[in-house]
file final_11.cif (mmCIF, C-alpha atoms)
data_entry
#
loop_
_atom_site.label_atom_id
_atom_site.label_comp_id
_atom_site.auth_asym_id
_atom_site.auth_seq_id
_atom_site.Cartn_x
_atom_site.Cartn_y
_atom_site.Cartn_z
CA MET C 1 0.00 0.00 0.00
CA SER C 2 1.08 3.58 -0.59
CA ASP C 3 2.82 5.15 2.38
CA PHE C 4 3.57 8.66 1.07
CA LYS C 5 1.80 11.61 2.64
CA THR C 6 3.30 14.44 0.58
CA LEU C 7 4.46 15.04 -2.97
CA GLY C 8 8.00 15.14 -1.67
CA GLN C 9 7.66 11.64 -0.22
CA PHE C 10 6.22 10.35 -3.49
CA ARG C 11 9.09 11.89 -5.41
CA GLU C 12 11.53 10.24 -2.99
CA GLN C 13 9.92 6.83 -3.62
CA LEU C 14 10.49 7.33 -7.33
CA GLN C 15 14.08 8.48 -6.83
CA LYS C 16 14.86 5.37 -4.75
CA ALA C 17 13.25 2.95 -7.20
CA PRO C 18 15.53 0.12 -8.34
CA ARG C 19 17.21 -0.11 -11.70
CA ALA C 20 17.22 -3.06 -14.06
CA ASP C 21 19.32 -6.08 -13.14
CA ASP C 22 22.50 -5.72 -15.19
CA SER C 23 23.60 -9.31 -14.63
CA ALA C 24 20.29 -10.71 -15.89
CA ARG C 25 20.41 -8.36 -18.86
CA SER C 26 23.95 -9.44 -19.70
CA ALA C 27 23.04 -13.11 -19.42
CA ALA C 28 20.03 -12.55 -21.67
CA LYS C 29 22.31 -10.95 -24.27
CA VAL C 30 24.60 -13.98 -24.13
CA ARG C 31 21.64 -16.32 -24.58
CA ASN C 32 20.31 -14.26 -27.47
CA VAL C 33 23.43 -14.74 -29.58
CA GLN C 34 23.31 -18.52 -28.99
CA LEU C 35 19.75 -18.99 -30.29
CA THR C 36 19.08 -20.83 -33.56
CA LYS C 37 18.79 -17.77 -35.80
CA PRO C 38 21.09 -15.39 -37.64
CA PRO C 39 22.27 -12.48 -35.45
CA GLY C 40 19.62 -9.77 -35.29
CA ALA C 41 17.14 -11.77 -37.38
CA LEU C 42 14.28 -11.08 -34.95
CA GLY C 43 14.92 -7.33 -34.99
CA ARG C 44 13.34 -5.38 -32.14
CA LEU C 45 11.97 -8.56 -30.61
CA GLU C 46 15.50 -9.34 -29.47
CA GLU C 47 15.91 -5.92 -27.83
CA LEU C 48 12.52 -6.23 -26.14
CA ALA C 49 13.28 -9.63 -24.66
CA ILE C 50 16.63 -8.46 -23.28
CA TRP C 51 15.02 -5.29 -21.86
CA TYR C 52 12.31 -7.37 -20.21
CA ALA C 53 14.84 -9.86 -18.82
CA GLY C 54 16.75 -7.05 -17.15
CA TRP C 55 13.72 -5.63 -15.39
CA ARG C 56 12.48 -9.03 -14.24
CA GLY C 57 15.93 -10.16 -13.15
CA GLN C 58 15.75 -13.36 -15.21
CA ALA C 59 17.99 -14.27 -18.13
CA ARG C 60 15.30 -16.58 -19.50
CA PRO C 61 12.06 -14.91 -18.38
CA ARG C 62 8.42 -15.82 -18.79
CA LEU C 63 5.68 -13.24 -19.11
CA GLU C 64 2.97 -14.12 -16.62
CA ARG C 65 0.04 -12.22 -15.08
CA PRO C 66 -0.09 -9.15 -17.36
CA GLN C 67 -2.35 -6.47 -15.88
CA VAL C 68 -4.38 -3.77 -17.62
CA ILE C 69 -5.81 -0.99 -15.46
CA VAL C 70 -8.25 1.61 -16.76
CA PHE C 71 -8.73 4.78 -14.71
CA ALA C 72 -11.62 7.17 -15.27
CA GLY C 73 -12.03 10.78 -14.22
CA ASN C 74 -14.03 13.88 -15.10
CA HIS C 75 -12.58 17.28 -15.93
CA GLY C 76 -13.91 20.68 -14.96
CA VAL C 77 -12.40 22.16 -18.10
CA THR C 78 -15.14 20.49 -20.14
CA ALA C 79 -17.28 23.47 -19.10
CA GLN C 80 -15.26 25.39 -21.71
CA GLY C 81 -16.80 23.25 -24.48
CA VAL C 82 -13.61 21.44 -25.46
CA SER C 83 -15.19 18.03 -26.16
CA ALA C 84 -17.65 16.75 -28.72
CA PHE C 85 -19.22 14.56 -26.00
CA PRO C 86 -20.79 15.42 -22.62
CA ALA C 87 -19.09 14.45 -19.36
CA ASP C 88 -21.85 11.88 -18.69
CA VAL C 89 -20.17 9.63 -21.25
CA THR C 90 -17.31 8.96 -18.81
CA GLU C 91 -19.58 7.16 -16.35
CA GLN C 92 -21.46 5.40 -19.13
CA MET C 93 -18.20 4.01 -20.50
CA VAL C 94 -17.11 2.88 -17.04
CA LEU C 95 -20.28 0.81 -16.87
CA ASN C 96 -19.42 -0.59 -20.30
CA PHE C 97 -15.92 -1.55 -19.10
CA GLN C 98 -17.39 -3.23 -16.05
CA ALA C 99 -19.86 -5.15 -18.24
CA GLY C 100 -17.06 -6.32 -20.55
CA GLY C 101 -18.37 -4.50 -23.61
CA ALA C 102 -15.50 -2.20 -24.59
CA ALA C 103 -12.60 -2.74 -26.97
CA ILE C 104 -10.14 -2.88 -24.09
CA ASN C 105 -12.06 -5.77 -22.53
CA GLN C 106 -11.65 -7.82 -25.70
CA LEU C 107 -7.96 -7.05 -26.08
CA ALA C 108 -7.15 -7.77 -22.44
CA GLN C 109 -8.94 -11.10 -22.73
CA VAL C 110 -7.17 -12.07 -25.96
CA PHE C 111 -3.75 -11.61 -24.36
CA GLY C 112 -4.67 -13.15 -21.00
CA ALA C 113 -4.45 -9.92 -19.02
CA GLN C 114 -6.21 -9.22 -15.76
CA MET C 115 -8.29 -6.06 -16.27
CA ASP C 116 -9.28 -3.67 -13.50
CA VAL C 117 -11.33 -0.48 -13.68
CA TYR C 118 -11.19 2.44 -11.24
CA ALA C 119 -13.59 5.38 -11.38
CA LEU C 120 -12.21 8.38 -9.50
CA ALA C 121 -14.88 10.69 -8.04
CA LEU C 122 -16.82 11.01 -11.28
CA ASP C 123 -19.45 13.05 -9.46
CA ARG C 124 -16.79 15.66 -8.61
CA PRO C 125 -14.92 16.83 -11.70
CA THR C 126 -11.52 18.40 -11.21
CA ALA C 127 -11.48 22.19 -11.10
CA ASP C 128 -11.38 24.09 -14.39
CA PHE C 129 -7.65 24.65 -14.85
CA THR C 130 -8.24 27.93 -16.68
CA ALA C 131 -9.29 29.31 -13.28
CA GLY C 132 -6.66 27.64 -11.08
CA PRO C 133 -5.07 24.27 -10.29
CA ALA C 134 -7.10 21.25 -11.36
CA MET C 135 -6.42 19.53 -8.02
CA ASP C 136 -5.17 20.52 -4.61
CA GLU C 137 -2.34 18.45 -3.16
CA ALA C 138 -4.64 16.17 -1.15
CA GLU C 139 -6.80 15.34 -4.18
CA PHE C 140 -3.72 14.79 -6.30
CA LEU C 141 -2.05 12.48 -3.79
CA HIS C 142 -5.27 10.50 -3.40
CA ALA C 143 -5.41 9.92 -7.16
CA ILE C 144 -1.73 8.93 -7.28
CA ALA C 145 -2.26 6.55 -4.35
CA THR C 146 -5.27 5.00 -6.08
CA GLY C 147 -3.07 4.15 -9.06
CA TRP C 148 -0.22 2.97 -6.85
CA ASP C 149 -2.45 0.62 -4.87
CA ALA C 150 -4.21 -0.71 -7.99
CA VAL C 151 -1.07 -2.47 -9.22
CA ASP C 152 -0.80 -6.20 -8.62
CA ALA C 153 2.69 -6.61 -7.14
CA GLN C 154 2.83 -10.10 -8.70
CA ALA C 155 2.06 -8.85 -12.20
CA GLY C 156 4.64 -9.50 -14.89
CA LEU C 157 3.61 -6.53 -17.00
CA LEU C 158 1.47 -3.39 -16.65
CA ALA C 159 -0.53 -1.40 -19.19
CA THR C 160 -2.57 1.60 -18.08
CA GLY C 161 -5.50 3.17 -19.88
CA GLU C 162 -7.93 5.99 -19.26
CA MET C 163 -11.41 7.30 -19.84
CA GLY C 164 -12.33 10.91 -19.25
CA ILE C 165 -14.21 13.37 -21.43
CA GLY C 166 -11.95 16.40 -21.85
CA ASN C 167 -8.72 14.60 -21.11
CA THR C 168 -7.07 15.24 -24.48
CA THR C 169 -7.22 18.94 -23.62
CA SER C 170 -5.71 18.22 -20.23
CA ALA C 171 -2.97 16.09 -21.80
CA ALA C 172 -2.22 18.80 -24.36
CA ALA C 173 -1.87 21.37 -21.59
CA VAL C 174 0.44 19.04 -19.66
CA ALA C 175 2.60 18.36 -22.74
CA CYS C 176 2.82 22.04 -23.63
CA ALA C 177 3.80 22.91 -20.06
CA LEU C 178 6.47 20.19 -20.04
CA PHE C 179 8.00 20.74 -23.45
CA GLY C 180 7.04 24.22 -24.59
CA GLY C 181 6.00 25.29 -28.07
CA ASN C 182 2.65 26.68 -29.09
CA ALA C 183 -0.62 25.31 -27.78
CA GLU C 184 -1.59 24.58 -31.39
CA ASP C 185 1.34 22.13 -31.56
CA TRP C 186 -0.20 19.93 -28.89
CA VAL C 187 -3.99 20.02 -29.29
CA GLY C 188 -5.80 17.46 -31.45
CA ARG C 189 -9.29 16.49 -32.40
CA GLY C 190 -9.76 14.10 -29.48
CA THR C 191 -13.34 12.87 -29.56
CA GLY C 192 -13.83 14.53 -32.95
CA VAL C 193 -14.01 18.31 -32.53
CA ASP C 194 -14.13 20.47 -35.67
CA ASP C 195 -11.71 23.23 -36.70
CA ALA C 196 -13.40 25.74 -34.41
CA GLY C 197 -13.07 23.22 -31.61
CA LEU C 198 -9.33 22.98 -32.22
CA VAL C 199 -9.00 26.77 -31.97
CA LEU C 200 -10.95 26.71 -28.71
CA LYS C 201 -8.82 23.90 -27.27
CA ALA C 202 -5.64 25.84 -28.05
CA LYS C 203 -7.03 28.93 -26.30
CA VAL C 204 -8.00 26.84 -23.26
CA VAL C 205 -4.49 25.36 -23.10
CA ARG C 206 -2.93 28.84 -23.27
CA ASP C 207 -5.26 30.10 -20.57
CA GLY C 208 -4.45 27.11 -18.38
CA LEU C 209 -0.70 27.60 -18.70
CA SER C 210 -1.00 31.30 -17.98
CA ARG C 211 -3.14 30.71 -14.90
CA ASN C 212 -0.81 27.97 -13.57
CA SER C 213 2.55 29.43 -14.60
CA ASN C 214 3.94 28.81 -11.11
CA ALA C 215 3.83 25.04 -11.81
CA LEU C 216 6.15 25.21 -14.83
CA GLY C 217 9.46 23.43 -14.36
CA ASP C 218 8.12 20.74 -12.02
CA GLY C 219 6.61 17.66 -13.65
CA LEU C 220 4.50 16.67 -10.66
CA GLU C 221 3.15 20.18 -10.14
CA ILE C 222 2.28 20.37 -13.82
CA LEU C 223 0.34 17.13 -13.50
CA ARG C 224 -1.47 18.42 -10.39
CA CYS C 225 -2.39 21.77 -11.90
CA LEU C 226 -3.23 20.78 -15.47
CA GLY C 227 -3.93 17.04 -15.33
CA GLY C 228 -6.86 14.98 -14.16
CA ARG C 229 -7.42 12.31 -11.57
CA GLU C 230 -7.11 9.55 -14.15
CA LEU C 231 -3.79 10.96 -15.41
CA ALA C 232 -2.49 11.16 -11.85
CA ALA C 233 -3.65 7.60 -11.15
CA MET C 234 -1.85 6.32 -14.26
CA ALA C 235 1.31 8.08 -13.08
CA GLY C 236 0.92 6.49 -9.65
CA ALA C 237 0.51 3.04 -11.18
CA MET C 238 3.55 3.47 -13.43
CA ALA C 239 5.62 4.65 -10.47
CA ARG C 240 4.58 1.63 -8.40
CA ALA C 241 5.49 -0.63 -11.31
CA ARG C 242 8.96 0.91 -11.34
CA VAL C 243 9.37 0.23 -7.60
CA GLU C 244 8.29 -3.40 -8.15
CA ARG C 245 10.41 -3.75 -11.33
CA ILE C 246 7.30 -4.49 -13.37
CA PRO C 247 7.79 -3.54 -17.04
CA VAL C 248 5.24 -1.11 -18.47
CA ILE C 249 3.74 -0.68 -21.93
CA LEU C 250 2.63 2.91 -22.52
CA ASP C 251 -0.59 3.65 -24.38
CA GLY C 252 -1.45 6.78 -26.33
CA PHE C 253 -1.19 10.55 -25.97
CA ILE C 254 -2.94 10.89 -22.63
CA CYS C 255 -1.06 8.02 -20.98
CA CYS C 256 2.26 9.34 -22.31
CA ALA C 257 1.50 12.87 -21.06
CA ALA C 258 1.04 11.44 -17.57
CA ALA C 259 4.19 9.35 -17.93
CA ALA C 260 6.19 12.36 -19.13
CA CYS C 261 5.48 14.12 -15.85
CA LEU C 262 7.26 11.30 -14.02
CA ASP C 263 10.16 11.44 -16.47
CA ARG C 264 10.61 15.18 -15.94
CA ALA C 265 10.24 14.87 -12.17
CA VAL C 266 12.86 12.11 -11.89
CA PRO C 267 15.07 11.47 -14.93
CA GLY C 268 15.07 7.78 -15.86
CA ALA C 269 11.70 7.17 -14.22
CA LEU C 270 10.44 5.59 -17.46
CA ASP C 271 13.37 3.26 -18.12
CA HIS C 272 11.03 0.36 -17.32
CA ALA C 273 8.55 1.45 -20.02
CA VAL C 274 8.19 0.97 -23.77
CA ALA C 275 5.73 2.70 -26.09
CA GLY C 276 3.01 0.33 -27.22
CA HIS C 277 1.91 2.33 -30.24
CA ARG C 278 1.81 5.70 -31.91
CA SER C 279 -1.75 6.93 -31.95
CA ALA C 280 -3.49 9.03 -34.57
CA GLU C 281 -3.75 11.93 -32.09
CA ALA C 282 -1.55 14.45 -33.85
CA ALA C 283 0.87 15.32 -31.03
CA HIS C 284 1.51 11.79 -29.79
CA GLY C 285 4.45 11.23 -32.14
CA LYS C 286 6.08 14.45 -30.95
CA LEU C 287 5.57 13.41 -27.33
CA LEU C 288 7.16 10.01 -27.98
CA GLU C 289 10.16 11.75 -29.54
CA LYS C 290 10.54 13.90 -26.44
CA LEU C 291 10.47 10.74 -24.32
CA GLY C 292 12.89 8.90 -26.59
CA LYS C 293 10.41 6.04 -27.09
CA GLU C 294 10.01 4.28 -30.43
CA PRO C 295 6.50 2.80 -30.73
CA LEU C 296 6.03 -0.92 -31.29
CA LEU C 297 2.90 -0.44 -33.43
CA GLN C 298 1.37 2.24 -35.63
CA LEU C 299 -2.17 1.36 -36.59
CA ASP C 300 -3.90 4.78 -36.63
CA MET C 301 -5.68 3.98 -33.38
CA ARG C 302 -6.95 6.83 -31.19
CA LEU C 303 -9.39 5.14 -28.84
CA GLY C 304 -7.52 5.38 -25.56
CA GLU C 305 -8.67 2.96 -22.85
CA GLY C 306 -5.21 1.35 -22.96
CA SER C 307 -6.16 -0.33 -26.24
CA GLY C 308 -2.89 0.28 -28.08
CA ALA C 309 -0.82 -0.84 -25.11
CA ALA C 310 -2.95 -3.95 -24.68
CA LEU C 311 -2.50 -4.87 -28.33
CA ALA C 312 1.26 -4.50 -27.93
CA ILE C 313 1.21 -7.10 -25.13
CA GLY C 314 1.12 -9.66 -27.92
CA VAL C 315 4.33 -8.28 -29.42
CA LEU C 316 6.12 -8.54 -26.09
CA GLN C 317 4.73 -12.03 -25.49
CA GLY C 318 6.13 -13.08 -28.86
CA ALA C 319 9.52 -11.57 -28.08
CA ILE C 320 9.80 -13.37 -24.75
CA ALA C 321 8.47 -16.66 -26.13
CA CYS C 322 11.17 -16.67 -28.80
CA HIS C 323 13.94 -15.65 -26.43
CA SER C 324 13.11 -18.11 -23.67
CA GLY C 325 11.65 -20.95 -25.72
CA MET C 326 13.98 -21.25 -28.69
CA ALA C 327 16.78 -23.77 -28.60
CA THR C 328 20.40 -22.72 -28.69
CA PHE C 329 22.64 -23.97 -31.50
CA ALA C 330 24.22 -26.43 -29.07
CA GLU C 331 20.87 -27.72 -27.78
CA ALA C 332 19.51 -28.21 -31.30
CA GLY C 333 22.67 -29.72 -32.72
CA VAL C 334 22.72 -27.07 -35.43
CA SER C 335 25.99 -25.77 -36.83
CA GLU C 336 26.59 -22.07 -36.21
CA GLY C 337 28.36 -21.82 -39.54
#
call {"tool": "encode", "arguments": {"input": "final_11.cif", "output": "structure tokens"}}
result
Amino acid sequence: MSDFKTLGQFREQLQKAPRADDSARSAAKVRNVQLTKPPGALGRLEELAIWYAGWRGQARPRLERPQVIVFAGNHGVTAQGVSAFPADVTEQMVLNFQAGGAAINQLAQVFGAQMDVYALALDRPTADFTAGPAMDEAEFLHAIATGWDAVDAQAGLLATGEMGIGNTTSAAAVACALFGGNAEDWVGRGTGVDDAGLVLKAKVVRDGLSRNSNALGDGLEILRCLGGRELAAMAGAMARARVERIPVILDGFICCAAAACLDRAVPGALDHAVAGHRSAEAAHGKLLEKLGKEPLLQLDMRLGEGSGAALAIGVLQGAIACHSGMATFAEAGVSEG
């Protein structure tokens, strides 16, 4: 269970988090060159398996108990008209997740992942960040702790997803605050807003950054002031995964905006994470470049929910199956040439 009472204590937990096991990583590299294939023939699958081995501390790992967690929250900034859908849709989709009817349910099931859903105070949207911070410190810490405590410490992999009408605007504001540039560089169509909607979203982002300028320069404060409860919960879950040395697959723009706050708060905080996909949300590719993450998939998805990350579980499963299940040249009696 979470035992931090302040943002400083949470930051300290992240700073003290363990690194990958270098000996396991080295042993996995040695095994990789002995497998019955030409060197590098499996491309990025080889890198993925070695990366995973290092974080799990096993030269010949198995991927067991993958977990997908979807967090849902409502945003006060929707009062500015930034979404094509009303805030009621957040709760309706949570019910759909719980009934097993969403895309993420199907993908989690296909890849054998445990799926959990957390709705965070949907009856109390965050404050409108154009008027002040989205959350006070207590609210923010509660959301982080919800994510932290949602992680199964025995999981072999974590993917986080989200649902929250208005959260592409929140993510754009977070990204702009973290990395600079114009608001127009970071806003996208989200749920399907028109050109006028894009102009409005950019104005809302500018207003939010102006009103919360004191948060700039601190990743966690940016997340508190411009994010949402579901973004904070995803960050808390990813931080817990780092402490437990559970590898993470990142989802789309909103998930990566939350993750970027951790990365800017504590450099290296995302070393245990890979990018599952590049979404069709315009700024996601730019955000991945800032994070130094090359996506595993690019399928023009923009659903959220953790769907792109869940689909990428299959890629990682394939990488680990090949690495740990293939015979070596010696075992197979095959000449190395």
call {"tool": "residues_around", "arguments": {"input": "final_11.cif", "residues": "C:Leu220", "least_positions_apart": "6", "cutoff": "7 Å", "atoms": "all atoms listed in the file", "output": "ChimeraX atom specification"}}
result
/C:261-262,265
call {"tool": "residues_around", "arguments": {"input": "final_11.cif", "residues": "stretch 316-333 of chain C", "least_positions_apart": "6", "cutoff": "6 Å", "atoms": "only C-alpha atoms", "output": "number ranges by chain"}}
result
C: 34-36, 45, 49, 60
call {"tool": "resolve_selection", "arguments": {"input": "final_11.cif", "expression": "the PyMOL selection byres ((chain C and resi 163) around 7)", "output": "ChimeraX atom specification"}}
result
/C:71-73,90,162,164-165,305
call {"tool": "residues_near_point", "arguments": {"input": "final_11.cif", "point": "(-16.2, 16.7, -28.9)", "cutoff": "12 Å", "atoms": "all atoms listed in the file", "output": "JSON, numbers by chain"}}
result
{"C": [78, 79, 80, 81, 82, 83, 84, 85, 86, 87, 89, 164, 165, 166, 167, 168, 169, 188, 189, 190, 191, 192, 193, 194, 195, 196, 197, 198, 200, 201]}
call {"tool": "residues_around", "arguments": {"input": "final_11.cif", "residues": "C:Leu14", "least_positions_apart": "6", "cutoff": "9 Å", "atoms": "only C-alpha atoms", "output": "list of chain:residue names"}}
result
C:Ala239, C:Arg240, C:Arg242, C:Val243, C:Leu262, C:Ala265, C:Val266, C:Ala269
call {"tool": "atom_distance", "arguments": {"input": "final_11.cif", "atom1": "atom CA of C:Val204", "atom2": "atom CA of C:Ala183"}}
result
8.8 Å
call {"tool": "residues_around", "arguments": {"input": "final_11.cif", "residues": "C:Val151", "least_positions_apart": "4", "cutoff": "10 Å", "atoms": "all atoms listed in the file", "output": "NGL selection string"}}
result
:C and (1 or 67-69 or 116 or 146-147 or 155 or 157-158 or 160 or 236-241 or 244 or 246)
call {"tool": "resolve_selection", "arguments": {"input": "final_11.cif", "expression": "the PyMOL selection byres ((chain C and resi 18) around 8)", "output": "tab-separated table (two decimals) with C-alpha atoms, in the frame of the given file"}}
result
chain	number	residue	atom	x	y	z
C	16	LYS	CA	14.86	5.37	-4.75
C	17	ALA	CA	13.25	2.95	-7.20
C	19	ARG	CA	17.21	-0.11	-11.70
C	20	ALA	CA	17.22	-3.06	-14.06
C	242	ARG	CA	8.96	0.91	-11.34
C	243	VAL	CA	9.37	0.23	-7.60
C	245	ARG	CA	10.41	-3.75	-11.33
call {"tool": "residues_around", "arguments": {"input": "final_11.cif", "residues": "C:Ala172", "least_positions_apart": "4", "cutoff": "7 Å", "atoms": "all atoms listed in the file", "output": "list of chain:residue names"}}
result
C:Thr168, C:Cys176, C:Trp186, C:Val187
call {"tool": "atom_distance", "arguments": {"input": "final_11.cif", "atom1": "atom CA of C:Ala175", "atom2": "atom CA of C:Phe97"}}
result
27.4 Å
call {"tool": "resolve_selection", "arguments": {"input": "final_11.cif", "expression": "the PyMOL selection byres ((chain C and resi 288-292) around 9)", "output": "count of residues only"}}
result
16
call {"tool": "axis_aligned_box", "arguments": {"input": "final_11.cif", "around": "stretch 190-202 of chain C", "padding_each_side": "6 Å", "output": "AutoDock Vina command-line options"}}
result
--center_x -9.9 --center_y 19.8 --center_z -32.0 --size_x 20.5 --size_y 25.9 --size_z 21.4
call {"tool": "closest_residue", "arguments": {"input": "final_11.cif", "among": "C:Gly228, C:Gly208, C:Pro66, C:Gly276", "to": "C:Asp136", "atoms": "all atoms listed in the file"}}
result
C:Gly228
call {"tool": "closest_residue", "arguments": {"input": "final_11.cif", "among": "C:Asp152, C:Glu47, C:Glu230, C:Asp123", "to": "C:Arg65", "atoms": "only C-alpha atoms"}}
result
C:Asp152
call {"tool": "atom_distance", "arguments": {"input": "final_11.cif", "atom1": "atom CA of C:Ala53", "atom2": "atom CA of C:Val315"}}
result
15.0 Å
call {"tool": "closest_residue", "arguments": {"input": "final_11.cif", "among": "C:Ala312, C:Met93, C:Ala259, C:Ala145", "to": "C:Leu296", "atoms": "all atoms listed in the file"}}
result
C:Ala312
